[in-house]
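**Student:** Contents of structure-v1.pdb (PDB, C-alpha atoms and all ligand atoms):
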```pdb
ATOM      1  CA  MET E 104       0.000   0.000   0.000
ATOM      2  CA  THR E 105       3.006   2.252   0.512
ATOM      3  CA  GLU E 106       3.915   4.771  -2.150
ATOM      4  CA  THR E 107       5.657   8.114  -2.139
ATOM      5  CA  THR E 108       3.043  10.776  -1.973
ATOM      6  CA  THR E 109       2.695  14.544  -1.875
ATOM      7  CA  THR E 110      -0.491  14.559   0.226
ATOM      8  CA  THR E 111      -0.629  15.617   3.888
ATOM      9  CA  PRO E 112       1.094  12.998   6.030
ATOM     10  CA  LEU E 113      -1.040  11.066   8.487
ATOM     11  CA  ILE E 114       1.711  11.692  11.029
ATOM     12  CA  GLU E 115       4.439  14.261  11.006
ATOM     13  CA  LEU E 116       7.094  14.255  13.693
ATOM     14  CA  LYS E 117       8.931  17.563  13.839
ATOM     15  CA  GLY E 118      12.066  18.070  15.930
ATOM     16  CA  ILE E 119      11.087  15.370  18.420
ATOM     17  CA  HIS E 120      13.304  15.151  21.454
ATOM     18  CA  ARG E 121      12.807  12.699  24.305
ATOM     19  CA  ARG E 122      14.980  12.987  27.344
ATOM     20  CA  PHE E 123      14.724  10.735  30.366
ATOM     21  CA  GLU E 124      16.116  11.826  33.681
ATOM     22  CA  HIS E 125      17.077   9.162  36.113
ATOM     23  CA  ARG E 126      18.896   9.740  39.406
ATOM     24  CA  GLY E 127      20.284  13.039  38.190
ATOM     25  CA  GLN E 128      21.522  11.606  34.886
ATOM     26  CA  GLN E 129      20.087  12.640  31.552
ATOM     27  CA  LEU E 130      19.455  10.249  28.720
ATOM     28  CA  ASP E 131      18.630  11.786  25.348
ATOM     29  CA  VAL E 132      16.982   8.905  23.555
ATOM     30  CA  LEU E 133      15.424  10.755  20.606
ATOM     31  CA  ARG E 134      17.157  13.848  19.249
ATOM     32  CA  ASP E 135      15.693  16.221  16.707
ATOM     33  CA  LEU E 136      13.838  13.379  15.067
ATOM     34  CA  ASN E 137      11.839  14.223  11.945
ATOM     35  CA  PHE E 138       9.690  11.681  10.163
ATOM     36  CA  ARG E 139       6.565  11.544   8.052
ATOM     37  CA  ILE E 140       4.204   8.608   7.825
ATOM     38  CA  PHE E 141       1.526   8.613   5.139
ATOM     39  CA  ALA E 142      -1.883   6.986   5.365
ATOM     40  CA  GLY E 143      -1.590   3.376   4.288
ATOM     41  CA  ASP E 144       2.155   3.107   4.952
ATOM     42  CA  GLN E 145       3.700  -0.081   6.251
ATOM     43  CA  VAL E 146       6.699   0.908   8.363
ATOM     44  CA  ALA E 147       9.256  -1.256  10.150
ATOM     45  CA  ILE E 148      11.305   0.414  12.882
ATOM     46  CA  MET E 149      14.543  -1.368  13.642
ATOM     47  CA  GLY E 150      17.640  -0.688  15.712
ATOM     48  CA  PRO E 151      19.633  -2.330  18.487
ATOM     49  CA  SER E 152      18.382  -2.804  22.003
ATOM     50  CA  GLY E 153      18.151   0.483  23.864
ATOM     51  CA  ALA E 154      18.205   2.621  20.699
ATOM     52  CA  GLY E 155      14.762   4.093  21.427
ATOM     53  CA  LYS E 156      12.346   2.068  19.270
ATOM     54  CA  SER E 157       9.735   1.528  21.974
ATOM     55  CA  THR E 158      10.107   5.126  23.115
ATOM     56  CA  LEU E 159       9.287   6.250  19.579
ATOM     57  CA  LEU E 160       6.314   3.892  19.292
ATOM     58  CA  GLN E 161       4.953   5.095  22.629
ATOM     59  CA  LEU E 162       5.170   8.681  21.382
ATOM     60  CA  LEU E 163       3.374   7.768  18.153
ATOM     61  CA  GLY E 164       0.608   6.254  20.260
ATOM     62  CA  THR E 165       0.654   9.227  22.691
ATOM     63  CA  LEU E 166       1.304   6.858  25.599
ATOM     64  CA  ASP E 167       4.343   9.054  26.233
ATOM     65  CA  ALA E 168       4.990  12.696  25.313
ATOM     66  CA  PRO E 169       8.120  14.258  23.810
ATOM     67  CA  THR E 170      10.298  16.551  25.897
ATOM     68  CA  SER E 171      10.099  18.967  22.964
ATOM     69  CA  GLY E 172       8.979  18.892  19.354
ATOM     70  CA  THR E 173       5.629  18.442  17.662
ATOM     71  CA  MET E 174       3.587  15.550  16.394
ATOM     72  CA  LEU E 175       0.916  16.368  13.864
ATOM     73  CA  PHE E 176      -1.760  13.759  13.237
ATOM     74  CA  ASP E 177      -3.679  14.626  10.116
ATOM     75  CA  GLY E 178      -2.425  18.189  10.616
ATOM     76  CA  GLU E 179      -3.486  18.402  14.274
ATOM     77  CA  ASP E 180      -0.943  19.052  17.036
ATOM     78  CA  VAL E 181      -2.073  16.118  19.176
ATOM     79  CA  PHE E 182       0.043  16.866  22.223
ATOM     80  CA  ALA E 183      -1.742  20.214  22.531
ATOM     81  CA  ARG E 184      -4.803  18.192  23.651
ATOM     82  CA  SER E 185      -5.816  17.783  27.288
ATOM     83  CA  SER E 186      -5.203  14.372  28.838
ATOM     84  CA  SER E 187      -8.841  13.384  28.241
ATOM     85  CA  GLY E 188      -8.505  14.605  24.640
ATOM     86  CA  LEU E 189      -5.417  12.416  24.260
ATOM     87  CA  ALA E 190      -7.270   9.432  25.712
ATOM     88  CA  ARG E 191     -10.036  10.006  23.176
ATOM     89  CA  PHE E 192      -7.443  10.269  20.412
ATOM     90  CA  ARG E 193      -5.940   6.911  21.406
ATOM     91  CA  ASN E 194      -9.328   5.311  21.727
ATOM     92  CA  GLU E 195     -10.495   6.448  18.314
ATOM     93  CA  GLN E 196      -7.376   6.522  16.169
ATOM     94  CA  VAL E 197      -4.822   4.043  17.489
ATOM     95  CA  GLY E 198      -4.705   0.267  17.887
ATOM     96  CA  PHE E 199      -1.890  -1.283  19.911
ATOM     97  CA  VAL E 200      -0.346  -4.743  19.703
ATOM     98  CA  PHE E 201       2.420  -5.724  22.105
ATOM     99  CA  GLN E 202       4.867  -8.617  22.353
ATOM    100  CA  PHE E 203       2.648 -10.257  24.955
ATOM    101  CA  HIS E 204      -0.921 -10.225  23.753
ATOM    102  CA  HIS E 205      -2.616  -9.238  27.064
ATOM    103  CA  LEU E 206      -5.772 -11.186  26.232
ATOM    104  CA  LEU E 207      -8.245 -11.878  29.038
ATOM    105  CA  PRO E 208      -7.719 -15.599  29.786
ATOM    106  CA  GLU E 209     -11.265 -16.380  30.961
ATOM    107  CA  PHE E 210     -12.929 -14.988  27.827
ATOM    108  CA  THR E 211     -13.169 -16.548  24.365
ATOM    109  CA  ALA E 212     -11.379 -15.142  21.313
ATOM    110  CA  LEU E 213     -14.692 -13.650  20.184
ATOM    111  CA  GLU E 214     -15.345 -12.011  23.565
ATOM    112  CA  ASN E 215     -11.792 -10.643  23.722
ATOM    113  CA  VAL E 216     -12.134  -9.026  20.303
ATOM    114  CA  MET E 217     -15.572  -7.552  20.997
ATOM    115  CA  MET E 218     -14.532  -6.224  24.425
ATOM    116  CA  PRO E 219     -13.735  -2.668  23.176
ATOM    117  CA  GLY E 220     -17.267  -2.526  21.737
ATOM    118  CA  LEU E 221     -18.909  -3.728  24.942
ATOM    119  CA  ILE E 222     -16.893  -1.240  26.996
ATOM    120  CA  GLY E 223     -17.970   1.440  24.522
ATOM    121  CA  ARG E 224     -21.632   0.397  24.975
ATOM    122  CA  MET E 225     -22.060  -0.934  21.468
ATOM    123  CA  ARG E 226     -25.011  -3.290  21.001
ATOM    124  CA  LYS E 227     -23.943  -6.879  21.661
ATOM    125  CA  GLY E 228     -25.100  -8.171  18.265
ATOM    126  CA  GLU E 229     -23.265  -5.419  16.443
ATOM    127  CA  ALA E 230     -20.061  -5.965  18.461
ATOM    128  CA  GLU E 231     -20.266  -9.697  17.830
ATOM    129  CA  ALA E 232     -20.684  -9.228  14.082
ATOM    130  CA  ARG E 233     -17.703  -6.861  13.930
ATOM    131  CA  ALA E 234     -15.547  -9.239  16.017
ATOM    132  CA  MET E 235     -16.506 -12.192  13.784
ATOM    133  CA  GLU E 236     -15.571 -10.217  10.683
ATOM    134  CA  LEU E 237     -12.158  -9.361  12.165
ATOM    135  CA  LEU E 238     -11.475 -12.892  13.392
ATOM    136  CA  GLU E 239     -12.231 -14.134   9.907
ATOM    137  CA  LYS E 240      -9.819 -11.551   8.459
ATOM    138  CA  VAL E 241      -6.983 -12.782  10.689
ATOM    139  CA  GLY E 242      -7.736 -16.401   9.747
ATOM    140  CA  LEU E 243      -9.385 -17.542  12.985
ATOM    141  CA  LYS E 244     -12.954 -18.193  11.889
ATOM    142  CA  ASP E 245     -12.730 -21.698  13.366
ATOM    143  CA  ARG E 246     -11.300 -20.606  16.699
ATOM    144  CA  VAL E 247     -13.764 -17.970  17.868
ATOM    145  CA  GLN E 248     -14.990 -19.948  20.882
ATOM    146  CA  HIS E 249     -11.501 -20.883  22.079
ATOM    147  CA  GLN E 250     -10.052 -19.248  25.154
ATOM    148  CA  PRO E 251      -6.496 -17.826  24.868
ATOM    149  CA  GLY E 252      -5.041 -20.854  26.709
ATOM    150  CA  GLU E 253      -6.510 -23.089  23.996
ATOM    151  CA  LEU E 254      -4.800 -21.146  21.197
ATOM    152  CA  SER E 255      -1.203 -21.227  19.922
ATOM    153  CA  GLY E 256       1.074 -18.197  20.453
ATOM    154  CA  GLY E 257       0.580 -17.063  16.852
ATOM    155  CA  GLU E 258      -3.199 -17.482  17.127
ATOM    156  CA  GLN E 259      -3.257 -15.488  20.356
ATOM    157  CA  GLN E 260      -1.358 -12.688  18.645
ATOM    158  CA  ARG E 261      -3.875 -12.741  15.755
ATOM    159  CA  VAL E 262      -6.676 -12.309  18.289
ATOM    160  CA  ALA E 263      -4.786  -9.347  19.768
ATOM    161  CA  ILE E 264      -4.460  -7.823  16.285
ATOM    162  CA  ALA E 265      -8.188  -8.304  15.620
ATOM    163  CA  ARG E 266      -8.986  -6.657  18.961
ATOM    164  CA  ALA E 267      -6.647  -3.729  18.195
ATOM    165  CA  LEU E 268      -8.579  -3.113  14.965
ATOM    166  CA  PHE E 269     -12.039  -3.346  16.497
ATOM    167  CA  LYS E 270     -12.610   0.412  16.604
ATOM    168  CA  LYS E 271     -11.301   0.941  13.071
ATOM    169  CA  PRO E 272      -8.196   2.910  14.095
ATOM    170  CA  ARG E 273      -6.268   4.677  11.379
ATOM    171  CA  LEU E 274      -2.970   3.718  12.973
ATOM    172  CA  LEU E 275      -1.905   0.266  14.154
ATOM    173  CA  LEU E 276       1.218   0.211  16.326
ATOM    174  CA  ALA E 277       2.905  -3.104  17.048
ATOM    175  CA  ASP E 278       5.855  -3.394  19.446
ATOM    176  CA  GLU E 279       7.759  -6.619  18.763
ATOM    177  CA  PRO E 280       4.544  -8.507  17.954
ATOM    178  CA  THR E 281       6.594 -11.544  16.915
ATOM    179  CA  GLY E 282       9.214 -11.312  19.675
ATOM    180  CA  ASN E 283       7.728 -14.287  21.460
ATOM    181  CA  LEU E 284       7.183 -16.439  18.354
ATOM    182  CA  ASP E 285       9.314 -18.659  16.125
ATOM    183  CA  LEU E 286      10.339 -17.303  12.744
ATOM    184  CA  LYS E 287       7.644 -19.079  10.706
ATOM    185  CA  THR E 288       4.832 -18.024  13.038
ATOM    186  CA  GLY E 289       6.280 -14.509  13.142
ATOM    187  CA  ALA E 290       6.256 -14.388   9.335
ATOM    188  CA  GLY E 291       2.560 -15.332   9.464
ATOM    189  CA  ILE E 292       1.865 -12.413  11.799
ATOM    190  CA  HIS E 293       3.624  -9.992   9.464
ATOM    191  CA  ALA E 294       1.605 -11.408   6.559
ATOM    192  CA  VAL E 295      -1.609 -10.737   8.521
ATOM    193  CA  LEU E 296      -0.496  -7.169   9.209
ATOM    194  CA  ARG E 297       0.236  -6.618   5.506
ATOM    195  CA  GLU E 298      -3.105  -8.116   4.435
ATOM    196  CA  LEU E 299      -4.991  -5.937   6.908
ATOM    197  CA  ASN E 300      -3.108  -2.891   5.684
ATOM    198  CA  GLU E 301      -4.087  -3.749   2.138
ATOM    199  CA  SER E 302      -7.728  -4.626   2.844
ATOM    200  CA  THR E 303      -8.559  -1.879   5.352
ATOM    201  CA  GLY E 304      -5.982   0.832   4.569
ATOM    202  CA  VAL E 305      -4.867   0.966   8.218
ATOM    203  CA  THR E 306      -1.388   2.455   8.584
ATOM    204  CA  VAL E 307       0.925  -0.076  10.206
ATOM    205  CA  VAL E 308       4.064   0.699  12.214
ATOM    206  CA  VAL E 309       5.967  -2.283  13.598
ATOM    207  CA  VAL E 310       8.999  -2.370  15.857
ATOM    208  CA  THR E 311      11.029  -5.476  15.199
ATOM    209  CA  HIS E 312      14.482  -6.875  15.908
ATOM    210  CA  ASP E 313      14.156  -9.345  13.100
ATOM    211  CA  PRO E 314      15.653  -8.198   9.770
ATOM    212  CA  ASN E 315      13.814 -10.980   7.893
ATOM    213  CA  LEU E 316      10.466  -9.734   9.127
ATOM    214  CA  ALA E 317      11.418  -6.084   8.594
ATOM    215  CA  GLU E 318      12.173  -6.925   4.985
ATOM    216  CA  THR E 319       8.515  -7.679   4.386
ATOM    217  CA  MET E 320       7.664  -4.019   5.093
ATOM    218  CA  PRO E 321       8.302  -1.465   2.331
ATOM    219  CA  ILE E 322       9.387   1.413   4.599
ATOM    220  CA  ARG E 323      12.284   0.437   6.812
ATOM    221  CA  VAL E 324      13.951   2.835   9.199
ATOM    222  CA  LEU E 325      16.577   2.481  11.851
ATOM    223  CA  VAL E 326      16.764   4.389  15.130
ATOM    224  CA  ASP E 327      20.357   5.579  15.127
ATOM    225  CA  GLN E 328      21.822   8.256  17.411
ATOM    226  CA  GLY E 329      18.336   9.366  18.353
ATOM    227  CA  GLN E 330      17.261   9.933  14.762
ATOM    228  CA  LEU E 331      15.584   7.880  12.079
ATOM    229  CA  ILE E 332      17.652   6.924   9.067
ATOM    230  CA  PRO E 333      16.936   4.468   6.243
ATOM    231  CA  GLN E 334      17.876   0.879   6.979
ATOM    232  CA  ILE E 335      19.331   0.782   3.471
ATOM    233  CA  PRO E 336      21.320   3.954   2.673
ATOM    234  CA  GLY E 337      19.954   5.700  -0.408
ATOM    235  CA  ASP E 338      16.532   4.018  -0.160
ATOM    236  CA  ASP E 339      14.296   6.163  -2.381
ATOM    237  CA  ARG E 340      11.168   4.955  -0.609
ATOM    238  CA  LEU E 341      12.198   7.189   2.269
ATOM    239  CA  LYS E 342      11.985  10.337   0.109
ATOM    240  CA  GLY E 343       9.561  12.772   1.673
ATOM    241  CA  ARG E 344       9.589  10.719   4.862
ATOM    242  CA  VAL E 345      13.031  11.550   6.256
ATOM    243  CA  SER E 346      15.084  14.600   5.287
ATOM    244  CA  ASP E 347      17.112  14.293   2.075
ATOM    245  CA  ASP E 348      20.453  14.600   3.871
ATOM    246  CA  LEU E 349      19.633  11.538   5.999
ATOM    247  CA  ILE E 350      18.600   9.348   3.074
ATOM    248  CA  ASP E 351      22.175   8.484   2.150
ATOM    249  CA  GLN E 352      23.353   8.098   5.718
ATOM    250  CA  ALA E 353      24.778   4.682   6.548
ATOM    251  CA  PRO E 354      23.924   3.264   9.942
ATOM    252  CA  ARG E 355      26.651   3.022  12.530
ATOM    253  CA  ASP E 356      27.881  -0.470  13.260
ATOM    254  CA  PRO E 357      24.974  -1.891  15.310
ATOM    255  CA  ARG E 358      27.448  -3.589  17.639
ATOM    256  CA  GLN E 359      28.835  -0.171  18.555
ATOM    257  CA  VAL E 360      25.357   1.155  19.281
ATOM    258  CA  ALA E 361      24.514  -1.925  21.325
ATOM    259  CA  ALA E 362      27.757  -1.626  23.277
ATOM    260  CA  VAL E 363      27.009   1.989  24.174
ATOM    261  CA  ALA E 364      23.430   1.149  25.106
ATOM    262  CA  ASP E 365      24.587  -1.741  27.310
ATOM    263  CA  ALA E 366      27.108   0.513  29.014
ATOM    264  CA  SER E 367      24.267   2.873  29.883
ATOM    265  CA  VAL E 368      22.451   0.285  31.994
ATOM    266  CA  GLY E 369      23.315   0.383  35.680
ATOM    267  CA  ALA E 370      23.458  -2.477  38.142
ATOM    268  CA  ASP E 371      19.760  -2.072  38.853
ATOM    269  CA  GLY E 372      19.018  -2.676  35.163
ATOM    270  CA  VAL E 373      17.963   0.902  34.585
ATOM    271  CA  ALA E 374      19.727   3.262  32.223
ATOM    272  CA  SER E 375      21.987   5.516  34.234
ATOM    273  CA  SER E 376      23.886   7.364  31.513
ATOM    274  CA  ALA E 377      23.032   8.380  28.008
ATOM    275  CA  PRO E 378      23.522   6.208  24.918
ATOM    276  CA  THR E 379      23.558   9.588  23.227
ATOM    277  CA  PRO E 380      24.692  11.819  26.089
ATOM    278  CA  HIS E 381      23.472  15.349  26.251
ATOM    279  CA  ALA E 382      26.370  17.763  26.002
TER     280      ALA E 382
HETATM  281  N1  LIG E 401      10.999   5.859  31.823
HETATM  282  C1  LIG E 401      12.309   5.797  31.565
HETATM  283  N2  LIG E 401      13.199   6.341  32.426
HETATM  284  C2  LIG E 401      14.518   6.298  32.179
HETATM  285  N3  LIG E 401      15.071   5.720  31.083
HETATM  286  C3  LIG E 401      14.227   5.150  30.200
HETATM  287  C4  LIG E 401      12.816   5.154  30.396
HETATM  288  N4  LIG E 401      12.227   4.517  29.331
HETATM  289  C5  LIG E 401      13.244   4.126  28.527
HETATM  290  N5  LIG E 401      14.436   4.493  29.048
HETATM  291  C6  LIG E 401      15.750   4.268  28.452
HETATM  292  O1  LIG E 401      15.715   4.753  27.119
HETATM  293  C7  LIG E 401      16.506   3.924  26.260
HETATM  294  C8  LIG E 401      15.634   3.508  25.073
HETATM  295  O2  LIG E 401      14.635   2.609  25.542
HETATM  296  P1  LIG E 401      13.636   1.872  24.546
HETATM  297  O3  LIG E 401      12.803   0.947  25.348
HETATM  298  O4  LIG E 401      12.952   2.873  23.720
HETATM  299  O5  LIG E 401      14.677   1.064  23.628
HETATM  300  P2  LIG E 401      14.375  -0.049  22.515
HETATM  301  O6  LIG E 401      15.143   0.360  21.306
HETATM  302  O7  LIG E 401      12.918  -0.264  22.370
HETATM  303  O8  LIG E 401      15.060  -1.299  23.185
HETATM  304  P3  LIG E 401      14.648  -2.869  23.150
HETATM  305  O9  LIG E 401      14.897  -3.316  21.740
HETATM  306  O10 LIG E 401      15.626  -3.494  24.113
HETATM  307  O11 LIG E 401      13.226  -2.991  23.584
HETATM  308  C9  LIG E 401      16.993   2.774  27.102
HETATM  309  O12 LIG E 401      18.337   3.019  27.460
HETATM  310  C10 LIG E 401      16.077   2.798  28.318
HETATM  311  O13 LIG E 401      16.741   2.317  29.458
END
```
Turn the structure described in the file into structure tokens.

**Tutor:**
Amino acid sequence: MTETTTTTPLIELKGIHRRFEHRGQQLDVLRDLNFRIFAGDQVAIMGPSGAGKSTLLQLLGTLDAPTSGTMLFDGEDVFARSSSGLARFRNEQVGFVFQFHHLLPEFTALENVMMPGLIGRMRKGEAEARAMELLEKVGLKDRVQHQPGELSGGEQQRVAIARALFKKPRLLLADEPTGNLDLKTGAGIHAVLRELNESTGVTVVVVTHDPNLAETMPIRVLVDQGQLIPQIPGDDRLKGRVSDDLIDQAPRDPRQVAAVADASVGADGVASSAPTPHA
């Protein structure tokens, strides 16, 4: 579904900076990050552990806010909203899928998927019909009455994807959705995400460690030194999405980045100095 376009981006990140402060130390995870995502894009975000992938995804989903910078969603400065306005934004526009599916174990697949509708006071019949349609789309028509414990890991993740799409969000964010799965099952999950992107037009952004899975997504970016650069230097598909001077930038040796990130983790397992220290 991805193509270079001149229309208004669905999301525009402008000069995003995210600094964490921990025990008096500052950690600048994202630094002057600029990126555009267009409606219908399929984006893979890669980068070594600690580079800031989850931080970026959390910002895209407004679960976290930048220290400075702007995020426009369909032209609107979303972080200018009140906290209830942000909650409404998330509820209406964003679906989340995480590494661990967070399904309710005592409910069936169907009930899990229709839960957002029931919470939102949708009529039961309507919620059920929508959930059935989504479960069919993710290939689980024959598993609707199974509880999560009676489903495989890949099937559970498909249920989580169906649930994330229940409210017809325009943006689907997935943080390592295959991190807990073997390669073949993970490939199946990426295929489902691509099919849903193509059939519903939902914009998909996936964080993944796995280069094989990332390769199935047309837009591939790397978090490197707090910015987003193409995974493949010179990748024309990034035109209009990252600034021209970053398009040809080659990533640093990932082992170097990982080594710096590891060095930033203190004995308590929490980052205590910056992978990209603030001068
Ligand atoms: N709330 C926080 N307070 C302090 N430091 C934080 C906080 N959240 C994240 N960090 C630090 O920010 C850095 C980036 O974290 P993030 O989770 O975004 O990395 P990641 O690229 O997703 O890593 P991984 O692949 O291991 O999940 C890490 O060094 C982390 O310790």

**Student:** Do you know which residues are within 6 Å of ligand LIG 401 (chain E) using all atoms listed in the file? Can you write them as a list of chain:residue names?

**Tutor:** E:Phe123, E:Glu124, E:His125, E:Val132, E:Pro151, E:Ser152, E:Gly153, E:Ala154, E:Gly155, E:Lys156, E:Ser157, E:Thr158, E:Ala364, E:Val373, E:Ala374

**Student:** What lies within 12 Å of region 220-235 of chain E using only C-alpha atoms, ignoring chain neighbours under 4 positions off, as a list of chain:residue names?

**Tutor:** E:Arg191, E:Asn194, E:Glu195, E:Thr211, E:Ala212, E:Leu213, E:Glu214, E:Asn215, E:Val216, E:Glu239, E:Lys240, E:Val241, E:Gly242, E:Leu243, E:Lys244, E:Asp245, E:Arg246, E:Val247, E:Gln248, E:Val262, E:Ala263, E:Ile264, E:Ala265, E:Arg266, E:Ala267, E:Leu268, E:Phe269, E:Lys270, E:Lys271

**Student:** Report, in Å with one decimal, the straight-line distance from CA of Asp144 (chain E) to CA of Val181 (chain E).

**Tutor:** 19.7 Å

**Student:** Between CA of Gln202 (chain E) and CA of Ala277 (chain E), what distance in Å does the model show, to one decimal?

**Tutor:**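 Value for the CA of Gln202 (chain E)-CA of Ala277 (chain E) distance: 7.9 Å.
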
**Student:** Run the PyMOL selection byres (((chain E and resi 288-300) around 9) and not hetatm) mentally over the shown coordinates, then write out the matched residues as number ranges by chain, using the chain letters and numbers from the document.

**Tutor:** E: 104, 143-145, 240-242, 256-258, 260-261, 264, 280-287, 301-307, 315-317, 319-320

**Student:** Taking 3 positions as the minimum chain separation for residues in the same chain, which residues sit within 6 Å of region 339-356 of chain E when counting only C-alpha atoms? Answer as a list in words.

**Tutor:** Phe138, Arg139, Ile332, Pro336 and Gln359 of chain E

**Student:** Could you jot down the CA of Val146 (chain E) to CA of Ser185 (chain E) separation for me, Å, one decimal place?

**Tutor:**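 Atom-to-atom, CA of Val146 (chain E) and CA of Ser185 (chain E) are spaced 28.3 Å apart.
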
**Student:** Point out the residue among E:Pro208, E:Pro272, E:Gly198, E:Gly150 with the least atom-to-atom distance to Leu166 (chain E), counting all atoms listed in the file.

**Tutor:**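 Using all atoms listed in the file, the shortest distance to Leu166 (chain E) belongs to E:Gly198.
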
**Student:** Starting from the shown file, work through the PyMOL selection byres (((chain E and resi 312) around 6) and not hetatm) and note down what comes out as a list in words.

**Tutor:**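 After applying the PyMOL selection byres (((chain E and resi 312) around 6) and not hetatm), what remains is Met149, Thr311 and Asp313 of chain E.
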
**Student:** Quick one: write out the picked residues with C-alpha atoms as a PDB file, keeping the file's coordinate frame?

**Tutor:**
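Wrote it out as part-v5.pdb, contents follow:
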```pdb
ATOM      1  CA  MET E 149      14.543  -1.368  13.642  1.00  0.00           C
ATOM      2  CA  THR E 311      11.029  -5.476  15.199  1.00  0.00           C
ATOM      3  CA  ASP E 313      14.156  -9.345  13.100  1.00  0.00           C
TER       4      ASP E 313
END
```

**Student:** Counting only C-alpha atoms, which of E:Gln196, E:Arg134, E:Pro251, E:Arg126 gets nearest to Phe210 (chain E)?

**Tutor:**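 That would be E:Pro251, the residue with the smallest distance to Phe210 (chain E).
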
**Student:** Evaluate the PyMOL selection byres (((chain E and resi 121) around 8) and not hetatm) on the structure here and hand back the selected residues as a list in words.

**Tutor:**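 For this structure, the PyMOL selection byres (((chain E and resi 121) around 8) and not hetatm) resolves to Ile119, His120, Arg122, Phe123, Asp131, Val132, Leu133, Arg134, Ala168, Pro169, Thr170 and Ser171 of chain E.
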
**Student:** Kindly indicate which residue among E:Met218, E:Glu179, E:Leu159, E:Gly164 lies nearest to Val324 (chain E), using all atoms listed in the file for the distances.

**Tutor:**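 Under the stated criterion, the closest residue is E:Leu159.
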
**Student:** Of the candidates E:Leu116, E:Leu276, E:Leu254, E:Leu331, which one gets nearest to Phe182 (chain E) if we count only C-alpha atoms?

**Tutor:** E:Leu116

**Student:** Could you work out an axis-aligned box for region 162-167 of chain E, taking every atom the file lists and adding 3 Å on each side, and report centre and edge lengths in Å to one decimal, as JSON?

**Tutor:**
```
{"center_x": 2.9, "center_y": 7.7, "center_z": 22.2, "size_x": 10.6, "size_y": 9.0, "size_z": 14.1}
```

**Student:** Set the distance at 7 Å and use all atoms listed in the file: which residues neighbour Phe141 (chain E) once local chain neighbours fewer than 6 positions away are removed? I'd like the list as a list in words.

**Tutor:**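 Result of the neighbour search: Pro112, Leu113 and Ile114 of chain E.
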
**Student:** Considering all atoms listed in the file, can you say which of E:Leu237, E:Glu318, E:Phe192, E:His205 comes closest to Met217 (chain E)?

**Tutor:**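 Nearest candidate to Met217 (chain E) out of E:Leu237, E:Glu318, E:Phe192, E:His205: E:Leu237.
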